[in-house]
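**Student:** Have a look at this one.
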Amino acid sequence: MPSKSDHELVPVHEIMSDKDVKELFKTFNITIDNLPKIFESDVQAKKLEAKPGQVLKIYRREGKREYPYYRAVIDG
Amino acid sequence: MAKQTQNRYLVDYGEPVGIIAAQSVGEPGTQMILRSFHLAGIESTVATSGLPRIIELVDAKKKPTTPITYIYLESGVNKNFEKATELLKKINEVRMNHIAKRVLENFSKGKIKVVLDKQELDSEGLTQKYVASKIEKELDLEAKIEDNGIVVNMHTRNLKEIRAATISLMKMLVSGVDGAGKGTIRRDDATKEFYLVSAGSNIEGIMAVDGVDKTRTTTNDVFAVYRLFGIEAASKALAIELKKTLKEQKISVDDRHLNLLADAMTASGTIKGVGRHGLSGEKKSVFARAAYEETLKHLIHAAAFGEVDRMKGVTENILIGKQIPIGTGSVKLAVKKEDMAKIKPKSDK
């Protein structure tokens, strides 16, 4: 996991591997349509060169608590 | 034991977290209207607060009524008052009409004379010479310092041209960052560091200035955050702004309700308001939309285009008086076909 981002407000984003995505869908019993979205043109998605259909894992931090958040990359 | 305690606080399956969040924000919100008051003081940048600010955030207004940028300084600068003042001068937006005391247009000679305010000049750390050179560079006009002012020679007697030049001269940016507004220095009591608060929202321009901490500088304009840092940062900024506004009013709402609201508003990839043009207006169900606002519009549109309502949501099921898919209502009993065959009907004797 990359440790630092360029701004306090920006959590670390990471492209998930296909295997991890499959596992994620299985554990939550969802499809890609159920995930929150992020545009391909989004600043952070652009930085990772993410393509539509991929899933980004976001390492959110709330005080001392850390938890993952997921966003599906979409066109636009 | 710790695990058990932790699990008690987890949300159960089917719990209507959205409705709970809405009620948790809505109830204290009713007190806010009555309690709006103003504090007298020397604060130069008075931000919109209370209910108007909450509405602004929740409706996802493109520009906040009072944009404010919190400029944090790099470690070499942030403990030094002189250096912070210097940086503030670099950022402070100064236009010609701020520093001009008098403007005289001489149409017969084709000259414009600008007399500058000495006090204003000194406070911004500018000189006449600098202003004159700035005029020549920015507007491509001939500017000379004569007795007590700057004289711009237009080499024309065309009335329109001279007037147009005067207007653009008055609007000219003399120093600072375009759109940064006027700023003040403040000190964080906890960390003893100086930071700047400016009444503008050109955060892109401000971040380009040397000495500004690019990792901490933020603004209350969530759309500016979205443009610059992406949707995740916007979601966080939105939650922070909501929490801050409620805290100012001494209203305590659990963070998780506000985080949920911010996440719902940013789930589509951009920031969407919650009203008619946002989340509520984009529900899949026709009945849910019709039950909210513009009932006829939605029903007629649905009829004309043959829309289908799957009746999966809460609103539409309340409407027809069916059990709502919340909590225990969200599970259904199903029997496998092969098991069905095993069930024998009771013979009534």
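Every chain in the structure tokens has a letter given in the order shown (A, B, ...), and although residue numbers restart at 1 in each chain, ligands are simply numbered from 1 in the order shown.
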Do you know which residues are at most 10 Å from A:Leu56 counting only C-alpha atoms, after dropping those on the same chain fewer than 2 positions away, and could you put them as a ChimeraX atom specification?
**Tutor:** /A:12-17,21,37-38,44-45,48,50,53-54,58-59,68-73
**Student:** Please find the residues of chain B near chain A - the criterion being any atom within 10 Å, counting only C-alpha atoms - and write them as number ranges by chain.
**Tutor:** B: 213-218, 225-237, 240, 255, 263-264, 266-270
**Student:** If you run DSSP on the backbone, which residues of chain A are strand (DSSP E), as a PyMOL selection string?
**Tutor:** chain A and resi 12-15+37-39+55-62+65-74
**Student:** Go ahead and write the residues just picked, N, CA and C atoms, as a compact mmCIF listing (two decimals), in the first residue's frame.
**Tutor:**
# COMPACT_ATOMS: atom_id res chain seq x y z
N VAL A 12 -5.36 7.54 -0.13
CA VAL A 12 -4.60 6.80 -1.14
C VAL A 12 -5.54 5.98 -2.00
N HIS A 13 -5.40 6.09 -3.32
CA HIS A 13 -6.19 5.30 -4.26
C HIS A 13 -5.30 4.19 -4.83
N GLU A 14 -5.93 3.10 -5.19
CA GLU A 14 -5.16 1.99 -5.75
C GLU A 14 -6.07 1.18 -6.67
N ILE A 15 -5.52 0.76 -7.82
CA ILE A 15 -6.31 -0.10 -8.72
C ILE A 15 -6.29 -1.52 -8.17
N LYS A 37 -19.35 5.43 -7.80
CA LYS A 37 -18.61 5.61 -9.05
C LYS A 37 -17.49 6.64 -8.92
N ILE A 38 -16.55 6.53 -9.87
CA ILE A 38 -15.55 7.58 -10.03
C ILE A 38 -15.34 7.73 -11.52
N PHE A 39 -15.28 8.96 -11.99
CA PHE A 39 -15.10 9.18 -13.43
C PHE A 39 -13.68 8.87 -13.86
N VAL A 55 -11.90 -1.31 -10.68
CA VAL A 55 -12.37 -0.87 -9.36
C VAL A 55 -11.20 -0.28 -8.59
N LEU A 56 -11.42 0.88 -7.99
CA LEU A 56 -10.38 1.50 -7.19
C LEU A 56 -10.64 1.21 -5.71
N LYS A 57 -9.58 0.85 -5.02
CA LYS A 57 -9.67 0.68 -3.58
C LYS A 57 -9.13 1.96 -2.96
N ILE A 58 -9.87 2.51 -2.03
CA ILE A 58 -9.48 3.78 -1.42
C ILE A 58 -9.27 3.57 0.06
N TYR A 59 -8.11 3.90 0.54
CA TYR A 59 -7.79 3.70 1.96
C TYR A 59 -8.19 4.94 2.74
N ARG A 60 -9.42 4.94 3.20
CA ARG A 60 -9.91 6.11 3.94
C ARG A 60 -9.43 6.07 5.38
N ARG A 61 -9.34 7.25 5.93
CA ARG A 61 -8.88 7.35 7.30
C ARG A 61 -9.76 8.35 8.05
N GLU A 62 -10.27 7.90 9.17
CA GLU A 62 -11.15 8.76 9.97
C GLU A 62 -10.57 8.79 11.38
N ARG A 65 -9.15 5.49 12.88
CA ARG A 65 -9.79 4.36 12.22
C ARG A 65 -9.50 4.37 10.72
N GLU A 66 -9.11 3.20 10.20
CA GLU A 66 -8.88 3.09 8.76
C GLU A 66 -9.86 2.10 8.18
N TYR A 67 -10.40 2.41 7.03
CA TYR A 67 -11.30 1.45 6.39
C TYR A 67 -11.23 1.63 4.88
N PRO A 68 -11.48 0.55 4.15
CA PRO A 68 -11.43 0.67 2.69
C PRO A 68 -12.76 1.15 2.13
N TYR A 69 -12.69 1.80 0.99
CA TYR A 69 -13.88 2.25 0.27
C TYR A 69 -13.62 1.86 -1.18
N TYR A 70 -14.68 1.58 -1.91
CA TYR A 70 -14.47 1.12 -3.28
C TYR A 70 -15.24 1.99 -4.25
N ARG A 71 -14.62 2.27 -5.37
CA ARG A 71 -15.33 3.02 -6.42
C ARG A 71 -15.07 2.37 -7.77
N ALA A 72 -16.13 2.23 -8.56
CA ALA A 72 -16.02 1.66 -9.90
C ALA A 72 -15.70 2.79 -10.87
N VAL A 73 -14.73 2.57 -11.74
CA VAL A 73 -14.36 3.59 -12.73
C VAL A 73 -15.38 3.55 -13.86
N ILE A 74 -15.92 4.73 -14.22
CA ILE A 74 -16.88 4.80 -15.32
C ILE A 74 -16.42 5.82 -16.34
**Student:** Write out as a PyMOL selection string the residues lying within 9 Å of B:Ala199, counting only C-alpha atoms and excluding same-chain residues fewer than 2 positions away.
**Tutor:** chain B and resi 44-47+66-69+179-184+197+201
**Student:** Just how far from atom CA of B:Lys101 is atom CA of B:Val115, in Å to one decimal?
**Tutor:**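 Rounded to one decimal, the two atoms are 5.5 Å apart.
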**Student:** Please list as JSON, numbers by chain every residue within 9 Å of B:Asn97, counting only C-alpha atoms and excluding residues in the same chain fewer than 4 positions away.
**Tutor:** {"B": [101, 169, 170, 171, 172]}
**Student:** For B:Thr328, which residue out of B:Leu246, B:Gln6, B:Gly14, B:Ala132 is the nearest one, using only C-alpha atoms?
**Tutor:**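 Under the stated criterion, the closest residue is B:Gly14.
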**Student:** Measure the distance from atom CA of B:Ala239 to atom CA of B:Gly275 in Å and round it to one decimal.
**Tutor:** 17.6 Å
**Student:** Report, in Å with one decimal, the straight-line distance from atom CA of B:Val212 to atom CA of B:Ile71.
**Tutor:**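 Taking atom CA of B:Val212 and atom CA of B:Ile71, their separation equals 6.8 Å.
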**Student:** Between B:Glu193, B:Val177, B:Asn106, B:Arg95, which has the minimum distance to B:His155 (counting only C-alpha atoms)?
**Tutor:**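 Of B:Glu193, B:Val177, B:Asn106, B:Arg95, the one nearest B:His155, counting only C-alpha atoms, is B:Asn106.
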**Student:** In stretch 109-260 of chain B, what's helix (DSSP H, G or I) per DSSP? Answer as a PyMOL selection string?
**Tutor:** chain B and resi 118-124+128-139+159-171+203-207+222-229+231-248+255-260
